[in-house]
file input27.tsv (TSV, C-alpha atoms)
chain	number	residue	atom	x	y	z
A	15	MET	CA	11.11	-14.87	1.81
A	16	GLN	CA	13.14	-15.11	-1.36
A	17	LEU	CA	12.80	-12.66	-4.21
A	18	PRO	CA	11.13	-12.21	-6.53
A	19	THR	CA	7.76	-12.60	-4.85
A	20	PRO	CA	5.48	-14.94	-6.84
A	21	LEU	CA	3.39	-13.86	-9.80
A	22	GLU	CA	0.60	-16.43	-9.85
A	23	ARG	CA	-2.32	-17.13	-12.14
A	24	ALA	CA	-5.44	-16.33	-10.14
A	25	PRO	CA	-7.84	-19.17	-9.30
A	26	ASP	CA	-11.03	-19.39	-11.34
A	27	VAL	CA	-13.14	-18.14	-8.43
A	28	LEU	CA	-11.40	-14.76	-8.80
A	29	SER	CA	-10.63	-14.52	-12.51
A	30	ALA	CA	-14.20	-14.97	-13.82
A	31	GLY	CA	-12.84	-16.51	-17.01
A	32	ARG	CA	-10.38	-13.74	-17.80
A	33	ALA	CA	-6.59	-13.75	-17.75
A	34	LEU	CA	-5.78	-12.61	-14.21
A	35	PHE	CA	-2.51	-12.78	-12.28
A	36	LEU	CA	-1.69	-11.95	-8.66
A	37	LYS	CA	1.61	-10.39	-7.54
A	38	ARG	CA	1.89	-11.82	-4.01
A	39	GLU	CA	3.59	-9.15	-1.90
A	40	ASP	CA	1.54	-10.48	1.05
A	41	LEU	CA	3.81	-13.52	1.30
A	42	HIS	CA	6.77	-11.59	2.74
A	43	GLU	CA	7.45	-12.21	6.44
A	44	LEU	CA	6.01	-8.77	7.26
A	45	GLY	CA	2.83	-9.61	5.38
A	46	ALA	CA	3.01	-6.53	3.15
A	47	PHE	CA	5.08	-4.78	0.48
A	48	LYS	CA	6.26	-1.84	2.60
A	49	TRP	CA	9.64	-3.34	3.48
A	50	ARG	CA	10.77	-2.75	-0.10
A	51	GLY	CA	10.70	1.01	0.33
A	52	ALA	CA	11.60	1.15	4.01
A	53	LEU	CA	14.85	-0.79	3.77
A	54	PRO	CA	16.72	1.56	1.38
A	55	ALA	CA	15.26	4.66	3.01
A	56	VAL	CA	16.21	3.71	6.57
A	57	PHE	CA	19.69	2.56	5.54
A	58	ALA	CA	20.18	5.93	3.84
A	59	TYR	CA	19.29	7.72	7.09
A	60	GLY	CA	21.77	5.49	8.93
A	61	LYS	CA	24.53	6.33	6.47
A	62	ARG	CA	23.88	10.01	7.18
A	63	GLY	CA	24.47	9.37	10.88
A	64	ALA	CA	20.94	8.89	12.24
A	65	ALA	CA	20.55	6.56	15.21
A	66	VAL	CA	16.78	7.05	15.53
A	67	VAL	CA	14.15	7.23	12.81
A	68	VAL	CA	10.68	8.66	13.46
A	69	THR	CA	7.75	7.98	11.17
A	70	ALA	CA	3.96	7.91	11.06
A	71	SER	CA	1.88	4.99	9.91
A	72	THR	CA	-1.41	3.13	10.10
A	73	GLY	CA	0.63	-0.05	10.57
A	74	ASN	CA	2.41	-1.68	7.64
A	75	HIS	CA	4.81	1.18	6.93
A	76	GLY	CA	5.67	1.53	10.61
A	77	ALA	CA	6.37	-2.19	10.96
A	78	ALA	CA	8.55	-2.08	7.86
A	79	ALA	CA	10.44	0.96	9.15
A	80	ALA	CA	11.04	-0.78	12.48
A	81	TRP	CA	12.10	-3.99	10.72
A	82	ALA	CA	14.55	-2.02	8.59
A	83	ALA	CA	15.80	0.00	11.57
A	84	ALA	CA	16.61	-3.19	13.46
A	85	ARG	CA	18.72	-4.32	10.51
A	86	ALA	CA	20.49	-0.96	10.42
A	87	GLY	CA	21.17	-0.94	14.18
A	88	MET	CA	18.75	1.96	14.70
A	89	ARG	CA	15.70	2.68	16.85
A	90	ALA	CA	12.25	3.37	15.39
A	91	ILE	CA	9.52	5.57	16.89
A	92	VAL	CA	6.20	5.26	15.08
A	93	TYR	CA	3.30	7.67	15.46
A	94	VAL	CA	-0.05	6.02	14.75
A	95	PRO	CA	-3.57	7.49	14.84
A	96	GLU	CA	-5.73	6.80	17.84
A	97	GLY	CA	-7.80	3.68	17.27
A	98	ALA	CA	-5.26	2.16	14.89
A	99	SER	CA	-5.57	-1.51	13.96
A	100	ARG	CA	-4.77	-3.72	16.94
A	101	THR	CA	-3.25	-6.29	14.62
A	102	LYS	CA	-0.85	-3.73	13.21
A	103	LEU	CA	-0.01	-2.26	16.62
A	104	GLU	CA	0.93	-5.71	17.84
A	105	PHE	CA	3.02	-6.18	14.73
A	106	LEU	CA	4.79	-2.87	15.38
A	107	ALA	CA	5.70	-4.04	18.86
A	108	ALA	CA	6.93	-7.37	17.50
A	109	GLN	CA	9.32	-5.47	15.23
A	110	GLY	CA	10.75	-3.53	18.17
A	111	ALA	CA	9.13	-0.18	17.42
A	112	GLU	CA	8.00	2.31	20.04
A	113	ALA	CA	4.42	3.16	19.02
A	114	ARG	CA	2.81	6.45	20.04
A	115	GLU	CA	-0.94	6.77	19.48
A	116	GLU	CA	-1.63	10.43	18.72
A	117	GLY	CA	-3.97	12.20	16.34
A	118	ALA	CA	-7.40	11.50	14.92
A	119	ASP	CA	-6.07	10.12	11.63
A	120	LEU	CA	-2.80	9.40	9.85
A	121	ASP	CA	-2.25	12.99	8.78
A	122	GLU	CA	-2.61	14.28	12.35
A	123	ALA	CA	-0.30	11.53	13.59
A	124	LYS	CA	2.19	12.60	10.93
A	125	GLU	CA	2.04	16.21	12.13
A	126	ARG	CA	2.75	15.09	15.71
A	127	GLY	CA	5.62	12.87	14.58
A	128	LYS	CA	7.21	15.62	12.50
A	129	ALA	CA	7.00	18.05	15.40
A	130	PHE	CA	8.59	15.56	17.78
A	131	ALA	CA	11.37	14.66	15.35
A	132	GLY	CA	12.12	18.31	14.62
A	133	GLY	CA	12.27	19.17	18.30
A	134	SER	CA	14.47	16.18	19.11
A	135	GLY	CA	16.88	16.38	16.20
A	136	PHE	CA	15.77	13.01	14.84
A	137	ALA	CA	15.22	12.03	11.21
A	138	PHE	CA	11.59	11.93	10.08
A	139	PHE	CA	10.81	9.31	7.45
A	140	GLU	CA	7.68	10.46	5.60
A	141	ASP	CA	6.07	7.54	3.82
A	142	GLY	CA	5.39	8.51	0.22
A	143	ALA	CA	7.72	11.51	0.16
A	144	ASP	CA	11.11	9.83	0.49
A	145	PRO	CA	12.69	9.27	-2.95
A	146	GLU	CA	14.67	6.29	-1.63
A	147	GLN	CA	11.42	4.33	-1.53
A	148	LEU	CA	10.80	4.51	-5.24
A	149	GLY	CA	13.60	2.19	-6.25
A	150	GLY	CA	12.31	-0.46	-3.88
A	151	TYR	CA	8.81	-0.20	-5.29
A	152	ALA	CA	10.06	-0.04	-8.86
A	153	ALA	CA	11.56	-3.49	-8.27
A	154	ILE	CA	8.00	-4.85	-8.00
A	155	GLY	CA	7.21	-3.54	-11.47
A	156	GLU	CA	10.48	-4.92	-12.83
A	157	GLU	CA	9.64	-8.34	-11.39
A	158	ILE	CA	6.17	-8.28	-12.95
A	159	VAL	CA	7.71	-7.63	-16.38
A	160	SER	CA	10.37	-10.32	-16.02
A	161	GLN	CA	7.94	-12.92	-14.64
A	162	SER	CA	5.22	-12.42	-17.24
A	163	GLU	CA	5.10	-14.77	-20.22
A	164	GLU	CA	3.51	-11.97	-22.26
A	165	PRO	CA	3.25	-8.26	-21.51
A	166	ALA	CA	0.49	-7.42	-19.07
A	167	GLY	CA	-2.40	-5.49	-20.53
A	168	THR	CA	-3.10	-3.76	-17.23
A	169	VAL	CA	-1.41	-3.56	-13.85
A	170	VAL	CA	-3.75	-2.46	-11.03
A	171	VAL	CA	-2.04	-0.83	-8.05
A	172	PRO	CA	-3.72	0.16	-4.74
A	173	LEU	CA	-3.29	3.90	-4.23
A	174	GLY	CA	-2.65	5.24	-0.75
A	175	ASN	CA	-0.01	7.98	-0.50
A	176	GLY	CA	1.14	7.32	-4.06
A	177	ALA	CA	4.65	5.94	-3.54
A	178	LEU	CA	3.80	2.38	-4.59
A	179	LEU	CA	1.98	3.50	-7.74
A	180	ALA	CA	4.83	5.88	-8.58
A	181	GLY	CA	7.52	3.22	-8.21
A	182	VAL	CA	5.68	0.37	-9.93
A	183	GLY	CA	4.45	2.68	-12.66
A	184	GLN	CA	7.93	4.03	-13.31
A	185	ALA	CA	9.23	0.51	-13.98
A	186	ILE	CA	6.24	-0.52	-16.10
A	187	ARG	CA	6.46	2.66	-18.18
A	188	SER	CA	10.13	2.08	-18.99
A	189	GLN	CA	10.06	-1.69	-19.51
A	190	SER	CA	6.55	-2.44	-20.81
A	191	PRO	CA	5.17	0.79	-22.30
A	192	SER	CA	2.13	-0.93	-23.83
A	193	THR	CA	0.87	-1.90	-20.35
A	194	ALA	CA	-1.78	0.33	-18.76
A	195	VAL	CA	-1.08	1.37	-15.17
A	196	VAL	CA	-4.25	1.92	-13.14
A	197	GLY	CA	-4.41	3.15	-9.56
A	198	VAL	CA	-7.35	2.27	-7.31
A	199	ALA	CA	-8.45	4.25	-4.26
A	200	SER	CA	-11.42	4.12	-1.94
A	201	SER	CA	-14.36	6.46	-2.61
A	202	ALA	CA	-14.39	6.99	1.17
A	203	SER	CA	-10.82	8.32	0.99
A	204	PRO	CA	-10.68	9.88	-2.48
A	205	VAL	CA	-8.03	12.59	-2.16
A	206	MET	CA	-5.44	10.96	-4.43
A	207	GLY	CA	-8.06	10.21	-7.06
A	208	LEU	CA	-9.25	13.82	-6.93
A	209	ALA	CA	-5.66	15.04	-7.14
A	210	PHE	CA	-4.95	12.86	-10.16
A	211	ARG	CA	-7.99	14.18	-11.96
A	212	ALA	CA	-7.14	17.77	-11.07
A	213	GLY	CA	-3.49	17.36	-12.06
A	214	ARG	CA	-2.27	18.68	-8.70
A	215	ALA	CA	-2.65	18.18	-4.95
A	216	VAL	CA	-6.10	19.35	-3.84
A	217	PRO	CA	-7.69	19.76	-0.39
A	218	CYS	CA	-10.06	17.05	0.79
A	219	GLY	CA	-11.46	16.57	4.28
A	220	ILE	CA	-12.81	13.06	3.63
A	221	GLN	CA	-11.05	10.00	5.01
A	222	GLY	CA	-13.35	7.24	6.19
A	223	THR	CA	-12.13	3.99	4.70
A	224	PHE	CA	-11.65	0.74	6.62
A	225	ALA	CA	-8.81	-0.03	4.19
A	226	ASP	CA	-6.16	1.68	6.29
A	227	GLY	CA	-3.51	1.37	3.58
A	228	LEU	CA	-5.67	3.72	1.48
A	229	ALA	CA	-6.55	6.08	4.35
A	230	VAL	CA	-5.10	9.36	3.09
A	231	ARG	CA	-6.67	12.78	3.75
A	232	VAL	CA	-3.83	15.08	2.65
A	233	ALA	CA	-2.09	14.50	-0.68
A	234	ILE	CA	1.71	14.83	-0.82
A	235	PRO	CA	2.41	17.17	-3.78
A	236	SER	CA	5.57	15.36	-4.87
A	237	ALA	CA	3.72	12.03	-4.84
A	238	VAL	CA	0.93	13.49	-6.98
A	239	ASP	CA	3.52	14.77	-9.46
A	240	ARG	CA	5.06	11.30	-9.69
A	241	ILE	CA	1.82	9.41	-10.30
A	242	LEU	CA	0.76	11.92	-12.92
A	243	ARG	CA	3.85	10.92	-14.91
A	244	VAL	CA	3.26	7.16	-14.79
A	245	ALA	CA	-0.42	6.30	-14.26
A	246	ASP	CA	-2.97	6.08	-17.06
A	247	GLU	CA	-5.89	6.59	-14.71
A	248	VAL	CA	-7.13	6.32	-11.15
A	249	ARG	CA	-10.48	4.71	-10.34
A	250	LEU	CA	-12.46	4.50	-7.11
A	251	VAL	CA	-14.21	1.58	-5.40
A	252	SER	CA	-16.69	1.67	-2.54
A	253	GLU	CA	-16.23	0.28	0.95
A	254	ARG	CA	-18.75	-2.45	0.20
A	255	GLU	CA	-16.94	-3.42	-2.98
A	256	ILE	CA	-13.68	-3.67	-1.06
A	257	ALA	CA	-15.34	-5.81	1.62
A	258	GLN	CA	-16.81	-8.10	-1.03
A	259	ALA	CA	-13.33	-8.49	-2.51
A	260	VAL	CA	-11.90	-9.37	0.93
A	261	GLY	CA	-14.50	-12.14	1.00
A	262	ALA	CA	-13.69	-13.26	-2.53
A	263	TYR	CA	-10.02	-13.54	-1.65
A	264	ALA	CA	-10.94	-15.51	1.47
A	265	SER	CA	-12.93	-17.95	-0.67
A	266	ALA	CA	-9.72	-18.53	-2.63
A	267	GLY	CA	-7.71	-19.13	0.55
A	268	ILE	CA	-6.00	-15.73	0.50
A	269	ARG	CA	-6.16	-13.39	3.48
A	270	ALA	CA	-6.17	-9.85	2.10
A	271	GLU	CA	-6.39	-6.55	3.91
A	272	GLY	CA	-8.61	-3.83	2.53
A	273	ALA	CA	-5.98	-2.03	0.44
A	274	ALA	CA	-5.02	-5.27	-1.29
A	275	ALA	CA	-8.67	-6.16	-1.88
A	276	ALA	CA	-9.34	-2.79	-3.54
A	277	ALA	CA	-7.47	-3.95	-6.66
A	278	LEU	CA	-9.67	-7.06	-6.92
A	279	ALA	CA	-12.76	-4.92	-6.27
A	280	LEU	CA	-11.87	-2.79	-9.27
A	281	TYR	CA	-11.18	-5.84	-11.44
A	282	ALA	CA	-14.53	-7.38	-10.50
A	283	LYS	CA	-16.49	-4.41	-11.84
A	284	SER	CA	-14.24	-3.40	-14.75
A	285	ALA	CA	-14.64	-5.62	-17.79
A	286	ASP	CA	-12.78	-3.03	-19.87
A	287	LEU	CA	-9.34	-3.66	-18.35
A	288	ALA	CA	-6.94	-4.91	-21.01
A	289	GLN	CA	-5.80	-8.48	-20.41
A	290	PRO	CA	-3.77	-10.07	-18.98
A	291	VAL	CA	-4.48	-8.15	-15.78
A	292	VAL	CA	-2.05	-8.13	-12.85
A	293	LEU	CA	-3.30	-7.20	-9.37
A	294	LEU	CA	-0.91	-6.30	-6.57
A	295	VAL	CA	-1.83	-8.22	-3.42
A	296	THR	CA	-0.18	-5.67	-1.20
A	297	GLY	CA	-0.78	-7.10	2.28
A	298	ARG	CA	-2.56	-9.49	4.60
A	299	ASN	CA	-2.47	-7.61	7.93
A	300	ILE	CA	-6.12	-7.08	8.84
A	301	ASP	CA	-7.83	-7.33	12.22
A	302	GLU	CA	-9.63	-10.61	12.71
A	303	ALA	CA	-12.96	-8.99	13.63
A	304	LEU	CA	-12.81	-6.71	10.59
A	305	HIS	CA	-11.89	-9.59	8.31
A	306	ARG	CA	-14.77	-11.67	9.65
A	307	ARG	CA	-17.23	-8.82	9.14
A	308	ALA	CA	-16.08	-8.27	5.56
A	309	VAL	CA	-16.38	-11.96	4.76
A	310	GLU	CA	-19.68	-12.57	6.53
A	311	ASP	CA	-21.50	-9.26	6.17
A	312	PRO	CA	-20.11	-7.10	3.33
A	313	GLY	CA	-23.49	-5.39	3.08
A	314	SER	CA	-22.80	-3.66	6.40
A	315	PHE	CA	-20.21	-1.49	4.63
A	316	ALA	CA	-21.19	1.64	2.74
A	317	GLY	CA	-22.10	0.96	-0.87
call {"tool": "encode", "arguments": {"input": "input27.tsv", "output": "structure tokens"}}
result
Amino acid sequence: MQLPTPLERAPDVLSAGRALFLKREDLHELGAFKWRGALPAVFAYGKRGAAVVVTASTGNHGAAAAWAAARAGMRAIVYVPEGASRTKLEFLAAQGAEAREEGADLDEAKERGKAFAGGSGFAFFEDGADPEQLGGYAAIGEEIVSQSEEPAGTVVVPLGNGALLAGVGQAIRSQSPSTAVVGVASSASPVMGLAFRAGRAVPCGIQGTFADGLAVRVAIPSAVDRILRVADEVRLVSEREIAQAVGAYASAGIRAEGAAAAALALYAKSADLAQPVVLLVTGRNIDEALHRRAVEDPGSFAG
């Protein structure tokens, strides 16, 4: 996949007559944007002498870390929550990672991974907390600015742990200050939205989204600080709205995982977004059964 990734005008079935563009991070060989942050972070660990990198992931970040580790001549151990996406587990294996299923959710898997890394003397790569990631994600924002014929009115960024929004927002703020930067999270996993509104990391025990890229229960304080500096607002969408957006993307011939579809879900119900609007299509790695359910029966998801 050559860079930059495409910035495409959205088909009419998605744009509903408005000026809408799609930043196609899903077209990378890994099927998601995470490689952009993982590559500089893992190489930095290698330069500091690490031979093994340990991380925790619901799938895309782990695959990207393993992909980067292979290029750095390192080994990757990835902790994933029990019941993680089969599609993403298979992808982890294909990238040469050793996957360990431990913990009820991502945050528990992260705790197990940190404990193992600390006890073994290995580097722990915490997705969303490593500053090396930001430059990689900022490149996405820089590409959006350089590829746009006119400044975007709004850039909508899926919000999981906050690193993507922080990096993209940093670039947009510096290069296109008139553009609004809007994060979108799931109402079933609202911790980052709550933290943004509170102006600090806050406790939240809720994490029930099928969009695993948005499945965060514990906010990383440094990530909250970063998004507060660059985002204009954070909005929430429901599980049903995300599923409907997965189906809408499918009707346009685009396979989108839940986190990617969240941006379209927000666009579909937000006529107030300044145009042109750019949505980040962050990934395509979704289980077949889940994709089929979202396309065929979005009403089965919580509204």
call {"tool": "closest_residue", "arguments": {"input": "input27.tsv", "among": "A:Arg269, A:Arg231, A:Lys37, A:Arg243", "to": "His305 (chain A)", "atoms": "only C-alpha atoms"}}
result
A:Arg269
call {"tool": "atom_distance", "arguments": {"input": "input27.tsv", "atom1": "CA of Leu293 (chain A)", "atom2": "CA of Glu253 (chain A)"}}
result
18.2 Å
call {"tool": "closest_residue", "arguments": {"input": "input27.tsv", "among": "A:Val56, A:Phe105, A:Asp141, A:Ala212", "to": "Arg85 (chain A)", "atoms": "only C-alpha atoms"}}
result
A:Val56
call {"tool": "residues_around", "arguments": {"input": "input27.tsv", "residues": "region 182-189 of chain A", "least_positions_apart": "3", "cutoff": "10 Å", "atoms": "all atoms listed in the file", "output": "PDB file with C-alpha atoms, keeping the file's coordinate frame"}}
result
ATOM      1  CA  LEU A 148      10.800   4.510  -5.240  1.00  0.00           C
ATOM      2  CA  GLY A 149      13.600   2.190  -6.250  1.00  0.00           C
ATOM      3  CA  GLY A 150      12.310  -0.460  -3.880  1.00  0.00           C
ATOM      4  CA  TYR A 151       8.810  -0.200  -5.290  1.00  0.00           C
ATOM      5  CA  ALA A 152      10.060  -0.040  -8.860  1.00  0.00           C
ATOM      6  CA  ALA A 153      11.560  -3.490  -8.270  1.00  0.00           C
ATOM      7  CA  ILE A 154       8.000  -4.850  -8.000  1.00  0.00           C
ATOM      8  CA  GLY A 155       7.210  -3.540 -11.470  1.00  0.00           C
ATOM      9  CA  GLU A 156      10.480  -4.920 -12.830  1.00  0.00           C
ATOM     10  CA  GLU A 157       9.640  -8.340 -11.390  1.00  0.00           C
ATOM     11  CA  ILE A 158       6.170  -8.280 -12.950  1.00  0.00           C
ATOM     12  CA  VAL A 159       7.710  -7.630 -16.380  1.00  0.00           C
ATOM     13  CA  SER A 160      10.370 -10.320 -16.020  1.00  0.00           C
ATOM     14  CA  PRO A 165       3.250  -8.260 -21.510  1.00  0.00           C
ATOM     15  CA  ALA A 166       0.490  -7.420 -19.070  1.00  0.00           C
ATOM     16  CA  THR A 168      -3.100  -3.760 -17.230  1.00  0.00           C
ATOM     17  CA  VAL A 169      -1.410  -3.560 -13.850  1.00  0.00           C
ATOM     18  CA  VAL A 170      -3.750  -2.460 -11.030  1.00  0.00           C
ATOM     19  CA  VAL A 171      -2.040  -0.830  -8.050  1.00  0.00           C
ATOM     20  CA  ALA A 177       4.650   5.940  -3.540  1.00  0.00           C
ATOM     21  CA  LEU A 178       3.800   2.380  -4.590  1.00  0.00           C
ATOM     22  CA  LEU A 179       1.980   3.500  -7.740  1.00  0.00           C
ATOM     23  CA  SER A 192       2.130  -0.930 -23.830  1.00  0.00           C
ATOM     24  CA  THR A 193       0.870  -1.900 -20.350  1.00  0.00           C
ATOM     25  CA  ALA A 194      -1.780   0.330 -18.760  1.00  0.00           C
ATOM     26  CA  VAL A 195      -1.080   1.370 -15.170  1.00  0.00           C
ATOM     27  CA  VAL A 196      -4.250   1.920 -13.140  1.00  0.00           C
ATOM     28  CA  GLY A 197      -4.410   3.150  -9.560  1.00  0.00           C
ATOM     29  CA  ARG A 240       5.060  11.300  -9.690  1.00  0.00           C
ATOM     30  CA  ILE A 241       1.820   9.410 -10.300  1.00  0.00           C
ATOM     31  CA  LEU A 242       0.760  11.920 -12.920  1.00  0.00           C
ATOM     32  CA  ARG A 243       3.850  10.920 -14.910  1.00  0.00           C
ATOM     33  CA  VAL A 244       3.260   7.160 -14.790  1.00  0.00           C
ATOM     34  CA  ALA A 245      -0.420   6.300 -14.260  1.00  0.00           C
ATOM     35  CA  ASP A 246      -2.970   6.080 -17.060  1.00  0.00           C
ATOM     36  CA  LEU A 294      -0.910  -6.300  -6.570  1.00  0.00           C
TER      37      LEU A 294
END
call {"tool": "residues_around", "arguments": {"input": "input27.tsv", "residues": "region 298-301 of chain A", "least_positions_apart": "2", "cutoff": "12 Å", "atoms": "all atoms listed in the file", "output": "MDAnalysis selection string"}}
result
chainID A and resid 38:48 72:75 77 98:106 224:227 257 260 263:264 267:275 294:296 303:308
call {"tool": "atom_distance", "arguments": {"input": "input27.tsv", "atom1": "CA of Ala131 (chain A)", "atom2": "CA of Val216 (chain A)"}}
result
26.4 Å
call {"tool": "atom_distance", "arguments": {"input": "input27.tsv", "atom1": "CA of Pro204 (chain A)", "atom2": "CA of Val230 (chain A)"}}
result
7.9 Å
call {"tool": "axis_aligned_box", "arguments": {"input": "input27.tsv", "around": "region 81-92 of chain A", "padding_each_side": "4 Å", "output": "AutoDock Vina command-line options"}}
result
--center_x 13.7 --center_y 0.6 --center_z 12.7 --size_x 23.0 --size_y 17.9 --size_z 16.3
call {"tool": "closest_residue", "arguments": {"input": "input27.tsv", "among": "A:Thr223, A:Lys283, A:Val292, A:Leu278", "to": "Ser203 (chain A)", "atoms": "all atoms listed in the file"}}
result
A:Thr223
call {"tool": "build_atoms", "arguments": {"input": "input27.tsv", "residues": "region 55-63 of chain A", "atoms": "all heavy atoms", "output": "JSON list (two decimals), in the coordinates of the input"}}
result
[["chain", "number", "residue", "atom", "x", "y", "z"],
["A", 55, "ALA", "N", 15.41, 3.34, 2.40],
["A", 55, "ALA", "CA", 15.26, 4.66, 3.01],
["A", 55, "ALA", "C", 15.91, 4.71, 4.39],
["A", 55, "ALA", "O", 16.65, 5.65, 4.70],
["A", 55, "ALA", "CB", 13.78, 5.02, 3.11],
["A", 56, "VAL", "N", 15.65, 3.72, 5.22],
["A", 56, "VAL", "CA", 16.21, 3.71, 6.57],
["A", 56, "VAL", "C", 17.72, 3.55, 6.53],
["A", 56, "VAL", "O", 18.45, 4.22, 7.29],
["A", 56, "VAL", "CB", 15.54, 2.59, 7.41],
["A", 56, "VAL", "CG1", 16.29, 2.40, 8.73],
["A", 56, "VAL", "CG2", 14.08, 2.93, 7.68],
["A", 57, "PHE", "N", 18.24, 2.70, 5.65],
["A", 57, "PHE", "CA", 19.69, 2.56, 5.54],
["A", 57, "PHE", "C", 20.33, 3.88, 5.10],
["A", 57, "PHE", "O", 21.44, 4.21, 5.54],
["A", 57, "PHE", "CB", 20.05, 1.42, 4.59],
["A", 57, "PHE", "CG", 20.24, 0.10, 5.29],
["A", 57, "PHE", "CD1", 19.15, -0.61, 5.77],
["A", 57, "PHE", "CD2", 21.50, -0.41, 5.51],
["A", 57, "PHE", "CE1", 19.31, -1.82, 6.42],
["A", 57, "PHE", "CE2", 21.68, -1.63, 6.18],
["A", 57, "PHE", "CZ", 20.58, -2.33, 6.64],
["A", 58, "ALA", "N", 19.65, 4.63, 4.26],
["A", 58, "ALA", "CA", 20.18, 5.93, 3.84],
["A", 58, "ALA", "C", 20.26, 6.89, 5.02],
["A", 58, "ALA", "O", 21.24, 7.64, 5.16],
["A", 58, "ALA", "CB", 19.32, 6.52, 2.73],
["A", 59, "TYR", "N", 19.23, 6.88, 5.90],
["A", 59, "TYR", "CA", 19.29, 7.72, 7.09],
["A", 59, "TYR", "C", 20.46, 7.30, 7.98],
["A", 59, "TYR", "O", 21.17, 8.15, 8.53],
["A", 59, "TYR", "CB", 17.99, 7.62, 7.88],
["A", 59, "TYR", "CG", 16.83, 8.35, 7.26],
["A", 59, "TYR", "CD1", 15.68, 7.66, 6.89],
["A", 59, "TYR", "CD2", 16.87, 9.73, 7.06],
["A", 59, "TYR", "CE1", 14.60, 8.33, 6.31],
["A", 59, "TYR", "CE2", 15.81, 10.40, 6.48],
["A", 59, "TYR", "CZ", 14.68, 9.69, 6.11],
["A", 59, "TYR", "OH", 13.63, 10.35, 5.53],
["A", 60, "GLY", "N", 20.66, 5.99, 8.12],
["A", 60, "GLY", "CA", 21.77, 5.49, 8.93],
["A", 60, "GLY", "C", 23.12, 5.93, 8.39],
["A", 60, "GLY", "O", 24.02, 6.31, 9.16],
["A", 61, "LYS", "N", 23.27, 5.91, 7.08],
["A", 61, "LYS", "CA", 24.53, 6.33, 6.47],
["A", 61, "LYS", "C", 24.80, 7.81, 6.70],
["A", 61, "LYS", "O", 25.96, 8.25, 6.71],
["A", 61, "LYS", "CB", 24.51, 6.04, 4.97],
["A", 61, "LYS", "CG", 24.62, 4.55, 4.64],
["A", 61, "LYS", "CD", 24.54, 4.32, 3.14],
["A", 61, "LYS", "CE", 24.63, 2.83, 2.83],
["A", 61, "LYS", "NZ", 24.48, 2.56, 1.36],
["A", 62, "ARG", "N", 23.72, 8.57, 6.90],
["A", 62, "ARG", "CA", 23.88, 10.01, 7.18],
["A", 62, "ARG", "C", 24.06, 10.28, 8.66],
["A", 62, "ARG", "O", 24.07, 11.44, 9.09],
["A", 62, "ARG", "CB", 22.69, 10.78, 6.63],
["A", 62, "ARG", "CG", 22.61, 10.75, 5.11],
["A", 62, "ARG", "CD", 21.66, 11.80, 4.55],
["A", 62, "ARG", "NE", 20.26, 11.51, 4.85],
["A", 62, "ARG", "CZ", 19.44, 10.84, 4.02],
["A", 62, "ARG", "NH1", 19.90, 10.35, 2.87],
["A", 62, "ARG", "NH2", 18.17, 10.65, 4.34],
["A", 63, "GLY", "N", 24.16, 9.22, 9.46],
["A", 63, "GLY", "CA", 24.47, 9.37, 10.88],
["A", 63, "GLY", "C", 23.31, 9.26, 11.83],
["A", 63, "GLY", "O", 23.48, 9.43, 13.04]]
